[in-house]
Amino acid sequence: MTLSTQFLGPSTHSTRLALAHGFTQNSRCWGRFGQLCSNNFDVMAIDAPGHGWSGHDDADLTTAGRLLVEVGGQAHYVGYSMGGRMLLHHALNDHQGHIRSLILIGATAGIESPTERAERQAADARQAARIMEVGTPTFVTEWLQQPMFAHLTDEQSAKYQRFENAAEGLAMSLRNCGAGAQDPLWDRLSSLRMPVLVIAGTHDEKYTAIGQRMVAEIGSNARFVNIEGGHAVHSENPEVTAAVIASWGSQLTR
C-alpha cells in the first residue's frame, strides 16, 4: 500500500522534513506550522494509514511507521501524537538510516501497566464503534471537545479538514494504532542512534513528564524542549515550534 503525500510549499531546499500527523488528522491539517517549516525544509506531509487519501488498511504501529518512512525517504521526521508513536516504532528498527533525526511532539513510548493498557484498548474499541455509529464530522466534533483540544480554534485544530477522513479508516486506525495497541517501548529507547528532539507544551503536564523521561532514557543523542502551549503546541504556537525545529535541523547539518 502506498500512502498519499503532499508537499507544503515549493521544493527548493536540500533537506526534507516529513510530517506524520495525529489521530483524526491528515496531511491538510498542518496549517501555519507546516507553512513556516517550508521556509527551511522541503516539507512532505503524509496521510497515515486510515486517514486522508491513504485508504483503509489494518496496519499496526510498526507497519504504519515503516510505510511512513518508505514514502518519506531520507528525511528529518516530525511525528505528532499518533504519528510520533508510529515513527518511534520504526525508528527502533531503522537499519537503513532513513530517519536523519526524529522529532516527537506530544508522543509517548507506551503505557507500561498491563491493566491500564487493557483499559485503554477497551476504551479505544468503544471510540472506534462510536465513529462508525455517528460518522466522521460528529465524532471529530466530539473528539475536539476533550480538555486537551477544547481551547483550540477551528483553524488551529483543522477541524473541517479532519472531516475529510472516512469513518471506516479512523475506526480501523484506532483499533490497530491507538495508545492501547502500543507495546511499551521504554526499555528499548536507549538503542535509538539517530538524534532525537522531544517537544511538549508547557501546559501539557502529562506529556512534559513523559517527554523528559523519554529523553533521559534515550541518552545523550536526545534533547527535550518545552514550548508555551498545550498538547497541540505546534498548532497553538507554530512560530516558536517551527523555529525550534529549524534550529535543530541547522545544527545537525553543520
# chains A, B, ... in the order shown; residues from 1 in each chain; ligands from 1
call {"tool": "residues_around", "arguments": {"residues": "Ala91 of chain A", "least_positions_apart": "4", "cutoff": "9 Å", "atoms": "only C-alpha atoms", "output": "PyMOL selection string"}}
result
chain A and resi 65-66+86-87+95+97-99+102+192-194
call {"tool": "closest_residue", "arguments": {"among": "A:Ala167, A:Leu104, A:Val134, A:Ala232", "to": "Leu152 of chain A", "atoms": "only C-alpha atoms"}}
result
A:Ala232
call {"tool": "closest_residue", "arguments": {"among": "A:Gln121, A:Gln6, A:Gln146, A:Thr253", "to": "Gly52 of chain A", "atoms": "only C-alpha atoms"}}
result
A:Gln6
call {"tool": "atom_distance", "arguments": {"atom1": "atom CA of Asp47 of chain A", "atom2": "atom CA of Glu155 of chain A"}}
result
18.9 Å
call {"tool": "residues_around", "arguments": {"residues": "Phe139 of chain A", "least_positions_apart": "6", "cutoff": "12 Å", "atoms": "only C-alpha atoms", "output": "number ranges by chain"}}
result
A: 23-24, 127-133, 145-146, 159-160, 162-163, 165-167, 170-171
